[in-house]
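Below is query_24.txt, holding compact mmCIF, C-alpha atoms and all ligand atoms.
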```txt
# COMPACT_ATOMS: atom_id res chain seq x y z
CA MET D 1 -2.85 -21.50 -13.37
CA THR D 2 -0.23 -18.97 -12.34
CA ASP D 3 3.25 -20.47 -12.11
CA PHE D 4 4.56 -19.25 -8.75
CA THR D 5 7.82 -21.18 -9.17
CA ALA D 6 8.47 -18.99 -12.20
CA THR D 7 7.68 -15.75 -10.35
CA ARG D 8 9.90 -16.78 -7.43
CA ALA D 9 12.81 -17.22 -9.85
CA MET D 10 12.40 -13.55 -10.83
CA PHE D 11 13.51 -12.29 -7.40
CA ASP D 12 16.93 -11.85 -5.80
CA LEU D 13 16.40 -13.11 -2.26
CA PRO D 14 19.36 -13.45 0.11
CA GLU D 15 20.44 -17.07 0.73
CA GLY D 16 18.90 -18.65 3.79
CA VAL D 17 16.35 -15.90 4.43
CA ILE D 18 12.60 -16.44 4.61
CA TYR D 19 11.09 -13.06 3.90
CA LEU D 20 7.72 -12.42 5.54
CA ASP D 21 7.94 -8.63 5.32
CA GLY D 22 7.09 -7.99 1.66
CA ASN D 23 4.01 -6.18 2.97
CA SER D 24 6.35 -3.45 4.27
CA LEU D 25 9.18 -3.42 1.73
CA GLY D 26 9.00 -5.77 -1.26
CA PRO D 27 12.25 -7.59 -2.22
CA LEU D 28 14.39 -6.90 -5.29
CA PRO D 29 13.29 -8.35 -8.64
CA HIS D 30 16.23 -9.42 -10.89
CA ALA D 31 15.17 -7.10 -13.68
CA VAL D 32 15.44 -3.93 -11.58
CA PRO D 33 19.21 -3.29 -11.25
CA LYS D 34 19.78 -3.71 -14.99
CA ARG D 35 16.92 -1.40 -15.86
CA VAL D 36 17.96 1.28 -13.38
CA GLU D 37 21.55 1.09 -14.58
CA GLN D 38 20.33 1.47 -18.17
CA THR D 39 18.26 4.48 -17.21
CA ILE D 40 21.23 6.05 -15.49
CA ARG D 41 23.94 5.27 -18.06
CA ASP D 42 22.15 5.23 -21.42
CA GLU D 43 19.39 7.72 -20.73
CA TRP D 44 20.57 10.23 -18.10
CA GLY D 45 24.25 9.79 -18.99
CA GLN D 46 23.98 9.98 -22.77
CA MET D 47 20.75 11.82 -23.46
CA LEU D 48 21.05 14.36 -20.65
CA ILE D 49 18.03 16.66 -20.64
CA THR D 50 16.78 15.33 -23.97
CA GLY D 51 15.80 12.17 -22.06
CA TRP D 52 12.55 13.84 -21.04
CA ASN D 53 11.42 13.47 -24.67
CA LYS D 54 13.72 10.85 -26.19
CA ALA D 55 13.47 8.30 -23.37
CA GLY D 56 9.82 9.13 -22.66
CA TRP D 57 10.48 10.18 -19.05
CA MET D 58 7.63 12.69 -19.09
CA ASP D 59 5.08 9.98 -19.92
CA LEU D 60 6.40 7.47 -17.40
CA PRO D 61 4.03 8.42 -14.50
CA ALA D 62 0.98 7.73 -16.70
CA ARG D 63 2.41 4.69 -18.48
CA VAL D 64 3.43 2.98 -15.23
CA GLY D 65 0.14 4.15 -13.67
CA ASP D 66 -1.74 2.15 -16.31
CA ARG D 67 0.28 -0.97 -15.43
CA VAL D 68 -0.57 -0.57 -11.75
CA GLY D 69 -4.17 0.15 -12.74
CA ARG D 70 -4.50 -3.30 -14.31
CA LEU D 71 -3.83 -4.88 -10.90
CA ILE D 72 -6.53 -2.87 -9.13
CA GLY D 73 -9.39 -2.82 -11.62
CA ALA D 74 -8.75 0.71 -12.86
CA PRO D 75 -9.37 1.55 -16.53
CA ALA D 76 -6.50 2.90 -18.66
CA GLY D 77 -5.91 6.61 -18.07
CA SER D 78 -7.31 6.66 -14.51
CA VAL D 79 -4.13 6.14 -12.45
CA VAL D 80 -0.98 8.26 -12.25
CA MET D 81 2.22 7.78 -10.23
CA GLY D 82 4.00 10.35 -8.10
CA ASP D 83 5.03 11.69 -4.70
CA THR D 84 4.52 9.57 -1.58
CA LEU D 85 1.36 8.00 -0.25
CA SER D 86 0.90 10.58 2.52
CA ILE D 87 0.88 13.33 -0.12
CA LYS D 88 -1.58 11.40 -2.28
CA VAL D 89 -3.92 10.95 0.71
CA TYR D 90 -3.94 14.71 1.20
CA GLN D 91 -4.49 15.36 -2.49
CA ALA D 92 -7.40 12.91 -2.82
CA LEU D 93 -9.05 14.14 0.36
CA ALA D 94 -8.75 17.81 -0.56
CA SER D 95 -10.29 17.18 -3.99
CA ALA D 96 -13.08 15.05 -2.55
CA LEU D 97 -13.95 17.67 0.09
CA GLU D 98 -14.16 20.32 -2.60
CA LEU D 99 -16.82 18.24 -4.35
CA ARG D 100 -18.98 18.31 -1.17
CA LEU D 101 -18.72 21.90 -0.02
CA ASP D 102 -21.97 21.65 1.96
CA ARG D 103 -20.44 19.07 4.35
CA ARG D 104 -17.56 19.24 6.81
CA VAL D 105 -16.82 15.77 8.18
CA ILE D 106 -14.13 13.28 7.12
CA LEU D 107 -15.01 9.86 8.56
CA SER D 108 -12.27 7.30 9.16
CA ASP D 109 -11.48 4.51 11.62
CA THR D 110 -9.07 3.95 14.47
CA GLY D 111 -7.44 1.06 12.59
CA ASN D 112 -6.22 3.44 9.89
CA PHE D 113 -2.51 4.08 9.42
CA PRO D 114 -1.61 7.14 11.50
CA SER D 115 -0.12 9.09 8.59
CA ASP D 116 -3.51 9.07 6.82
CA LEU D 117 -5.16 10.45 9.96
CA TYR D 118 -2.42 13.05 10.48
CA MET D 119 -2.76 14.25 6.89
CA ALA D 120 -6.54 14.50 7.24
CA ASP D 121 -6.16 16.42 10.48
CA GLY D 122 -3.65 18.81 8.90
CA LEU D 123 -5.98 19.39 5.96
CA CYS D 124 -8.90 20.15 8.32
CA ARG D 125 -6.77 22.74 10.14
CA THR D 126 -5.90 24.39 6.84
CA LEU D 127 -9.54 24.50 5.73
CA GLY D 128 -10.82 26.05 8.93
CA PRO D 129 -12.47 25.36 12.27
CA ASP D 130 -15.66 23.85 10.79
CA TYR D 131 -13.82 20.91 9.32
CA GLN D 132 -13.52 17.80 11.41
CA LEU D 133 -11.89 14.38 11.23
CA LYS D 134 -14.06 11.83 12.98
CA THR D 135 -12.69 8.35 13.78
CA VAL D 136 -14.72 5.37 14.96
CA ALA D 137 -13.88 1.73 15.65
CA PRO D 138 -13.47 -0.26 12.39
CA ALA D 139 -16.61 -2.31 13.15
CA ASP D 140 -18.65 0.89 13.57
CA VAL D 141 -17.79 2.52 10.25
CA GLU D 142 -20.83 1.34 8.36
CA ASN D 143 -23.30 2.59 10.97
CA SER D 144 -21.52 5.92 11.36
CA ILE D 145 -21.98 6.99 7.75
CA ASP D 146 -24.68 9.67 7.88
CA GLU D 147 -25.57 12.79 5.93
CA SER D 148 -22.98 14.93 7.72
CA VAL D 149 -20.14 12.94 6.15
CA ALA D 150 -18.45 14.59 3.18
CA VAL D 151 -15.77 11.94 2.67
CA LEU D 152 -15.27 8.40 3.92
CA MET D 153 -11.52 7.74 4.09
CA ILE D 154 -10.69 4.08 4.67
CA THR D 155 -7.62 1.89 4.39
CA GLU D 156 -8.98 -1.38 3.07
CA VAL D 157 -6.58 -3.69 4.95
CA ASP D 158 -5.53 -2.82 8.51
CA TYR D 159 -1.72 -2.47 8.68
CA ARG D 160 -1.59 -4.10 12.11
CA THR D 161 -4.16 -6.91 12.12
CA GLY D 162 -4.69 -7.53 8.39
CA ARG D 163 -8.45 -7.11 8.88
CA LYS D 164 -10.12 -6.29 5.55
CA HIS D 165 -13.07 -3.97 5.14
CA ASP D 166 -15.93 -4.87 2.78
CA MET D 167 -15.13 -2.26 0.16
CA PRO D 168 -18.14 -2.57 -2.21
CA ARG D 169 -20.53 -2.54 0.73
CA LEU D 170 -19.06 0.57 2.39
CA ILE D 171 -18.90 2.42 -0.93
CA LYS D 172 -22.56 1.66 -1.59
CA ARG D 173 -23.54 2.85 1.89
CA ALA D 174 -21.44 6.03 1.56
CA HIS D 175 -22.91 6.89 -1.83
CA GLU D 176 -26.46 6.34 -0.52
CA ALA D 177 -25.68 8.91 2.18
CA GLY D 178 -24.28 11.32 -0.42
CA ALA D 179 -20.67 10.98 0.71
CA LEU D 180 -17.58 10.48 -1.44
CA VAL D 181 -15.00 7.78 -0.73
CA VAL D 182 -11.20 7.73 -0.64
CA TRP D 183 -9.68 4.23 -0.40
CA ASP D 184 -6.13 3.59 0.68
CA LEU D 185 -4.82 0.46 -1.04
CA ALA D 186 -1.38 0.37 0.63
CA HIS D 187 -1.97 -3.23 1.75
CA SER D 188 -4.26 -4.20 -1.13
CA ALA D 189 -2.47 -3.38 -4.39
CA GLY D 190 -0.63 -6.56 -5.37
CA ALA D 191 -1.93 -8.32 -2.25
CA ILE D 192 -5.58 -9.10 -3.01
CA PRO D 193 -7.95 -8.70 -5.99
CA VAL D 194 -9.29 -5.13 -6.15
CA ASP D 195 -11.95 -3.88 -8.55
CA LEU D 196 -11.95 -0.09 -8.23
CA HIS D 197 -14.16 0.54 -11.23
CA GLY D 198 -16.58 -2.28 -10.45
CA ALA D 199 -16.97 -1.07 -6.86
CA ASP D 200 -17.61 2.49 -8.10
CA THR D 201 -14.81 4.01 -6.02
CA ASP D 202 -14.39 7.79 -6.25
CA PHE D 203 -10.72 8.09 -5.27
CA ALA D 204 -8.02 5.57 -4.37
CA VAL D 205 -4.37 5.90 -3.39
CA GLY D 206 -1.56 3.51 -2.53
CA CYS D 207 2.16 2.91 -2.49
CA SER D 208 4.41 0.82 -4.72
CA TYR D 209 7.22 -0.18 -2.37
CA LYS D 210 5.15 -2.78 -0.46
CA TYR D 211 3.56 -5.56 -2.54
CA LEU D 212 4.59 -3.98 -5.86
CA ASN D 213 8.33 -4.18 -5.08
CA SER D 214 9.52 -0.79 -6.39
CA GLY D 215 12.18 -0.37 -3.68
CA PRO D 216 12.51 2.01 -0.73
CA GLY D 217 10.78 5.32 -1.38
CA GLY D 218 9.18 4.21 -4.68
CA PRO D 219 6.41 6.48 -5.99
CA ALA D 220 2.78 6.37 -4.84
CA PHE D 221 -0.28 6.18 -7.08
CA ILE D 222 -3.61 7.95 -7.23
CA TYR D 223 -6.82 6.87 -8.97
CA VAL D 224 -9.71 9.20 -9.75
CA ALA D 225 -12.93 7.74 -11.18
CA PRO D 226 -13.16 8.74 -14.86
CA ARG D 227 -16.61 10.28 -14.18
CA LEU D 228 -14.93 12.75 -11.76
CA ALA D 229 -11.48 13.21 -13.26
CA ASP D 230 -12.34 16.32 -15.27
CA LYS D 231 -14.30 17.85 -12.40
CA VAL D 232 -11.83 17.66 -9.52
CA ARG D 233 -9.73 20.67 -8.63
CA PRO D 234 -6.25 19.71 -7.45
CA ALA D 235 -5.28 21.33 -4.16
CA LEU D 236 -1.61 20.64 -4.85
CA SER D 237 -1.66 22.51 -8.13
CA GLY D 238 1.88 22.02 -9.36
CA TRP D 239 3.10 22.86 -12.82
CA LEU D 240 3.10 19.29 -14.14
CA GLY D 241 -0.62 19.03 -13.42
CA HIS D 242 -1.17 22.15 -15.53
CA GLU D 243 -2.88 21.92 -18.91
CA ALA D 244 0.25 23.31 -20.60
CA PRO D 245 3.27 23.17 -18.27
CA PHE D 246 5.62 24.55 -20.88
CA ALA D 247 3.45 27.54 -21.68
CA PHE D 248 4.57 28.86 -18.27
CA ASP D 249 1.31 30.76 -17.81
CA LEU D 250 0.89 32.71 -14.61
CA ASP D 251 -2.56 31.26 -13.95
CA TYR D 252 -3.30 27.61 -13.18
CA ARG D 253 -5.51 25.58 -15.49
CA PRO D 254 -5.80 21.89 -14.61
CA GLY D 255 -4.65 19.33 -17.18
CA SER D 256 -7.14 16.87 -18.60
CA GLY D 257 -8.28 13.90 -16.52
CA ILE D 258 -5.86 12.15 -14.20
CA ASP D 259 -2.91 14.25 -15.49
CA ARG D 260 -4.02 17.06 -13.18
CA MET D 261 -3.08 14.94 -10.16
CA ARG D 262 0.58 15.20 -11.08
CA VAL D 263 2.46 17.76 -9.02
CA GLY D 264 6.16 18.25 -9.79
CA THR D 265 9.09 16.54 -11.50
CA PRO D 266 8.67 12.74 -11.32
CA SER D 267 11.39 10.54 -9.78
CA ILE D 268 12.50 8.79 -12.96
CA LEU D 269 14.96 6.34 -11.38
CA GLN D 270 12.32 4.97 -9.00
CA LEU D 271 9.72 4.87 -11.75
CA ALA D 272 12.13 2.87 -13.90
CA ALA D 273 12.65 0.47 -10.99
CA LEU D 274 8.90 0.07 -10.57
CA ASP D 275 8.35 -0.40 -14.30
CA ALA D 276 10.85 -3.28 -14.32
CA ALA D 277 9.41 -4.72 -11.07
CA LEU D 278 5.94 -4.83 -12.61
CA ASP D 279 7.11 -7.32 -15.27
CA VAL D 280 6.83 -10.01 -12.59
CA TRP D 281 3.02 -9.57 -12.67
CA GLU D 282 2.62 -10.28 -16.38
CA GLY D 283 1.44 -13.89 -16.05
CA VAL D 284 -0.20 -13.56 -12.63
CA ASP D 285 -3.92 -14.12 -12.17
CA MET D 286 -5.16 -12.23 -9.10
CA ALA D 287 -7.66 -14.97 -8.17
CA ASP D 288 -4.78 -17.50 -8.12
CA LEU D 289 -2.72 -15.07 -6.05
CA ARG D 290 -5.52 -14.76 -3.51
CA ALA D 291 -6.08 -18.53 -3.27
CA ARG D 292 -2.37 -19.10 -2.78
CA SER D 293 -2.06 -16.30 -0.22
CA LEU D 294 -4.84 -17.83 1.90
CA GLU D 295 -3.21 -21.25 1.65
CA LEU D 296 0.09 -19.77 2.92
CA GLN D 297 -1.67 -17.88 5.72
CA ASN D 298 -3.73 -20.87 6.83
CA THR D 299 -0.66 -23.10 6.93
CA PHE D 300 1.13 -20.57 9.12
CA ILE D 301 -1.80 -20.00 11.49
CA THR D 302 -2.51 -23.70 11.97
CA ARG D 303 1.11 -24.52 12.67
CA VAL D 304 1.76 -21.61 15.03
CA GLU D 305 -1.43 -22.22 17.01
CA ALA D 306 -0.65 -25.93 17.32
CA LYS D 307 2.94 -25.42 18.48
CA CYS D 308 3.03 -22.13 20.40
CA PRO D 309 -0.16 -21.39 22.28
CA ASP D 310 1.40 -18.30 23.94
CA LEU D 311 0.88 -16.34 20.74
CA MET D 312 -2.67 -15.00 20.31
CA LEU D 313 -4.02 -14.60 16.79
CA ALA D 314 -4.68 -10.88 16.18
CA SER D 315 -6.03 -11.32 12.63
CA PRO D 316 -9.60 -12.36 11.84
CA ARG D 317 -10.05 -16.12 11.84
CA GLU D 318 -12.52 -15.83 8.95
CA GLU D 319 -10.35 -15.84 5.83
CA ALA D 320 -12.67 -13.59 3.80
CA GLN D 321 -11.98 -10.86 6.37
CA ARG D 322 -8.20 -11.02 5.97
CA GLY D 323 -5.87 -9.25 3.57
CA SER D 324 -2.50 -10.88 2.87
CA GLN D 325 -0.85 -10.70 6.28
CA VAL D 326 -1.27 -12.47 9.59
CA SER D 327 -0.53 -11.04 13.02
CA PHE D 328 -0.15 -12.46 16.48
CA ARG D 329 -0.05 -10.67 19.82
CA HIS D 330 2.52 -11.09 22.56
CA GLU D 331 3.68 -8.57 25.16
CA HIS D 332 7.32 -9.25 24.21
CA GLY D 333 6.59 -9.12 20.49
CA TYR D 334 9.51 -6.82 19.71
CA ALA D 335 12.15 -9.15 21.22
CA ILE D 336 10.55 -12.22 19.66
CA ILE D 337 10.74 -10.66 16.18
CA GLN D 338 14.38 -9.67 16.71
CA ALA D 339 15.22 -13.24 17.74
CA LEU D 340 13.36 -14.57 14.70
CA ILE D 341 15.26 -12.25 12.35
CA ALA D 342 18.51 -13.57 13.86
CA GLU D 343 17.27 -17.03 12.80
CA GLY D 344 16.79 -15.89 9.18
CA VAL D 345 13.03 -15.31 9.23
CA ILE D 346 12.13 -11.66 8.65
CA GLY D 347 8.80 -10.40 9.98
CA ASP D 348 8.21 -7.14 11.84
CA PHE D 349 6.75 -5.62 14.97
CA ARG D 350 4.08 -2.96 15.37
CA ALA D 351 3.50 -1.30 18.72
CA PRO D 352 2.25 -2.15 21.21
CA ASP D 353 2.30 -5.95 20.88
CA ILE D 354 1.84 -7.06 17.26
CA LEU D 355 4.07 -9.60 15.48
CA ARG D 356 3.33 -9.13 11.81
CA PHE D 357 3.92 -11.53 8.90
CA GLY D 358 3.25 -10.79 5.24
CA PHE D 359 2.33 -13.58 2.80
CA THR D 360 3.41 -12.92 -0.75
CA PRO D 361 2.82 -15.84 -3.14
CA LEU D 362 5.16 -14.41 -5.80
CA TYR D 363 8.19 -15.68 -3.89
CA LEU D 364 7.02 -17.69 -0.83
CA SER D 365 6.41 -21.44 -0.83
CA LEU D 366 4.42 -23.58 1.60
CA GLN D 367 7.71 -25.06 2.82
CA ASP D 368 9.07 -21.57 3.61
CA VAL D 369 6.00 -20.77 5.64
CA ALA D 370 6.02 -24.05 7.58
CA LEU D 371 9.72 -23.60 8.33
CA ALA D 372 9.13 -20.01 9.49
CA ALA D 373 6.39 -21.19 11.87
CA ASP D 374 8.71 -23.90 13.23
CA ARG D 375 11.53 -21.41 13.88
CA LEU D 376 9.14 -19.02 15.59
CA CYS D 377 7.86 -21.77 17.85
CA ALA D 378 11.39 -22.99 18.64
CA ILE D 379 12.31 -19.49 19.85
CA MET D 380 9.22 -19.41 22.03
CA ALA D 381 9.91 -22.89 23.41
CA ASP D 382 13.59 -22.38 24.33
CA GLY D 383 13.15 -18.80 25.59
CA SER D 384 16.01 -17.49 23.40
CA TRP D 385 13.89 -14.42 22.53
CA ASN D 386 14.63 -13.20 26.04
CA TRP D 387 18.37 -12.71 25.47
CA PRO D 388 19.35 -9.09 26.20
CA GLU D 389 20.48 -8.29 22.63
CA PHE D 390 16.92 -8.78 21.34
CA HIS D 391 15.48 -6.09 23.60
CA HIS D 392 17.41 -3.15 22.16
CA ARG D 393 15.00 -0.96 20.14
CA ALA D 394 16.20 0.28 16.74
CA LYS D 395 14.86 3.45 15.10
CA VAL D 396 12.77 1.48 12.57
CA THR D 397 10.83 -1.48 13.97
C1 LIG R 1 2.68 2.34 4.32
C2 LIG R 1 1.52 3.26 4.50
C3 LIG R 1 1.67 4.66 4.39
C4 LIG R 1 3.04 5.29 4.19
O1 LIG R 1 2.98 6.52 3.57
P1 LIG R 1 4.27 7.13 2.88
O2 LIG R 1 3.93 8.53 2.59
O3 LIG R 1 4.55 6.31 1.66
O4 LIG R 1 5.42 7.00 3.86
C5 LIG R 1 0.53 5.45 4.48
N1 LIG R 1 -0.68 4.90 4.69
C6 LIG R 1 -0.86 3.56 4.82
C7 LIG R 1 -2.22 3.00 5.04
C8 LIG R 1 0.24 2.71 4.74
O5 LIG R 1 0.09 1.41 4.91
```
What would the structure in this file look like if it were written as structure tokens?
Ligand SMILES: *Cc1c(COP(=O)(O)O)cnc(C)c1O
Amino acid sequence: MTDFTATRAMFDLPEGVIYLDGNSLGPLPHAVPKRVEQTIRDEWGQMLITGWNKAGWMDLPARVGDRVGRLIGAPAGSVVMGDTLSIKVYQALASALELRLDRRVILSDTGNFPSDLYMADGLCRTLGPDYQLKTVAPADVENSIDESVAVLMITEVDYRTGRKHDMPRLIKRAHEAGALVVWDLAHSAGAIPVDLHGADTDFAVGCSYKYLNSGPGGPAFIYVAPRLADKVRPALSGWLGHEAPFAFDLDYRPGSGIDRMRVGTPSILQLAALDAALDVWEGVDMADLRARSLELQNTFITRVEAKCPDLMLASPREEAQRGSQVSFRHEHGYAIIQALIAEGVIGDFRAPDILRFGFTPLYLSLQDVALAADRLCAIMADGSWNWPEFHHRAKVT
């Protein structure tokens, strides 16, 4: 059994705070500051440019990619780190579309994160007027996959409601119709068990600053199925994806396998932070993580529904259909979350009316979750959420 008391001890959490927002920005693992300081002082400071070879900076995107790969069922050499998730969405989509030149439709759903849809739309405009992004309701995705679809682009877990798509089933359906799939694992990697290889995914992308705790702006990842990796043509053909970057050839030749999905100079400090943050996962069994996450979620739901009936559950009641977050609806959701944060419980708000809570077994206990539910219900009962200071909207919600 995974020892979650031990993993909790590996984090620096502020005193008195119950953190239910690790689905948006993971907290700081103890090991990170020391590692980043070492990278700055001993590597950058002392090695200067020789660090690219001596400290292994150039191999870091692939080495850390393999560590992330182990958490999502990706074989060694099929994941590489770099850029931000929006960029990786574009890159995966562009490569997938190029493998289906006879088709012109990207299919996605209205529960997808807007940036993924914006990137797809921008790519369609670049490719020409025949290309089209089609979005349907999440429940209609399966029945909308037909032979016009070039690429199915789906975020497995809905960022607002936590609703989880049936990944193996949709991949099977897409492949039967001759479409390729791009999966966004932003709310899956480190949150739920994922088996990319077993599910026969073509492409997957995700970020590291949510459940993987790499810190604000940490690098994204991209997975390409090994059977496709030497066939895809990168649309963002930067020099570090070239077969021989230091030959400085004038023509582009893609590097072998997943290396070709690299673009430019990797952010070494953030990669070092992520590398240290991933140590927390060493003894973690993903099935234990899932069981524990559901236990935390169910405790929270039961308690909130029993004590504050004004909040309507926005997440699926069926646990198999949930990721690792739970959301409730209320028209004054923004003010309620601000009042809750003032009470030391950090969740967040997503327009128009979603109160969102992330459940991360690595550092949350059942007592934390019960206490968080009690504080939420106390705010609802005494009306303190309605104080004027909780209605002021900040830039980031
Ligand atoms: C968090 C998130 C993003 C954010 O993209 P960035 O480029 O890292 O800012 C994109 N897509 C989904 C589905 C997300 O959840």
So that each row is one residue of chain D with an atom at most 6 Å from ligand LIG 1 (chain R), can you give its shortest atom pair and the distance in Å to one decimal, using all atoms listed in the file, rows by chain and rising number, as a Markdown table?
```
| residue | atom | partner | partner_atom | distance |
| --- | --- | --- | --- | --- |
| D:Thr84 | CA | R:LIG1 | O2 | 4.3 |
| D:Leu85 | CA | R:LIG1 | O2 | 3.9 |
| D:Ser86 | CA | R:LIG1 | O2 | 3.7 |
| D:Phe113 | CA | R:LIG1 | C7 | 4.5 |
| D:Ser115 | CA | R:LIG1 | C5 | 5.5 |
| D:Asp116 | CA | R:LIG1 | N1 | 5.5 |
| D:Thr155 | CA | R:LIG1 | C7 | 5.6 |
| D:Tyr159 | CA | R:LIG1 | O5 | 5.7 |
| D:Asp184 | CA | R:LIG1 | C7 | 5.9 |
| D:Ala186 | CA | R:LIG1 | O5 | 4.6 |
| D:His187 | CA | R:LIG1 | O5 | 6.0 |
| D:Cys207 | CA | R:LIG1 | O3 | 5.9 |
```
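The interatomic distance for the pair atom CA of D:Gly344 and atom CA of D:Gly383 works out to 17.1 Å.
Excluding stretch 277-292 of chain D itself and any same-chain residue fewer than 5 positions from it, the protein and nucleic acid residues within 7 Å of it, counting all atoms listed in the file, are Met1, Thr2, Thr7, Met10, Pro29, Ala31, Val32, Ile192, Pro193, Leu212, Asn213, Ser214 and Pro361 of chain D.
Take the candidates D:Ala247, D:Leu25, D:Ile379, D:Leu152 and check each one against D:Thr201 using all atoms listed in the file; the shortest distance goes to D:Leu152.
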>> Residues near D:Lys210, anyone? I mean within 6 Å using only C-alpha atoms, not counting same-chain ones fewer than 6 positions away, as a PyMOL selection string.
In response: chain D and resi 22-26
> Which of these, D:Gly77, D:Ala189, D:Ile337, D:Leu180, has the shortest distance to D:Glu147 once you count only C-alpha atoms?
Replying inline: D:Leu180
> So how far away is atom CA of D:Tyr19 from atom CA of D:Ala351, in Å?
Replying inline: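 Between these atoms lies a distance of 20.4 Å.
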> atom CA of D:Asp21 to atom CA of D:Gly198: how many Å, to one decimal?
Replying inline: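 Here the two named atoms are 29.8 Å from each other.
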> Which residue, D:Ala204, D:Val232, D:Ser267, D:Pro61, has the smallest gap to D:Pro254 when you use all atoms listed in the file?
Replying inline: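 Under the stated criterion, the closest residue is D:Val232.
In this comparison, which uses all atoms listed in the file, the residue of D:Phe11, D:Phe221, D:Tyr118, D:Phe328 approaching D:Gly162 most closely is D:Phe328.
The list of residues with at least one atom within 8 Å of D:Arg356, based on only C-alpha atoms and without residues fewer than 4 positions apart in the same chain, reads D:Asp21, D:Arg160, D:Thr161, D:Gln325, D:Val326, D:Ser327, D:Phe328, D:Gly347, D:Asp348, D:Phe349, D:Arg350.
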> So which one's closest to D:Glu318, D:Arg163, D:His197, D:Arg169, D:His242? Using all atoms listed in the file, please.
Replying inline: D:Arg163
Could you make a table, as a tab-separated table, of the residues of stretch 227-274 of chain D that have an atom within 12 Å of an atom of stretch 66-76 of chain D, each with its nearest atom pair and distance in Å to one decimal, counting all atoms listed in the file, in chain and number order?
```
residue	atom	partner	partner_atom	distance
D:Arg227	CA	D:Pro75	CA	11.6
D:Gly257	CA	D:Ala76	CA	11.3
D:Ile258	CA	D:Ala76	CA	10.3
D:Leu271	CA	D:Val68	CA	11.6
D:Leu274	CA	D:Val68	CA	9.6
```
Might I get the box with edges along x, y and z of the file that holds all atoms of stretch 347-358 of chain D listed there, padded by 4 Å on every side, given as centre and edge lengths in Å to one decimal, as AutoDock Vina command-line options?
```
--center_x 5.3 --center_y -6.4 --center_z 13.2 --size_x 15.0 --size_y 18.2 --size_z 24.0
```
> Looking at all atoms listed in the file, which of D:Leu355, D:Val263, D:Ile171, D:Val396 is the one that sits closest to D:Pro245?
Replying inline: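 Once distances to D:Pro245 are computed over all atoms listed in the file, the minimum belongs to D:Val263.
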> What would the list of residues within 12 Å of (2.7, 8.7, -14.0) (file frame) look like as a PyMOL selection string, if all atoms listed in the file are what count?
Replying inline: chain D and resi 56-69+76-83+219-223+240-241+258-268+270-272+274-275
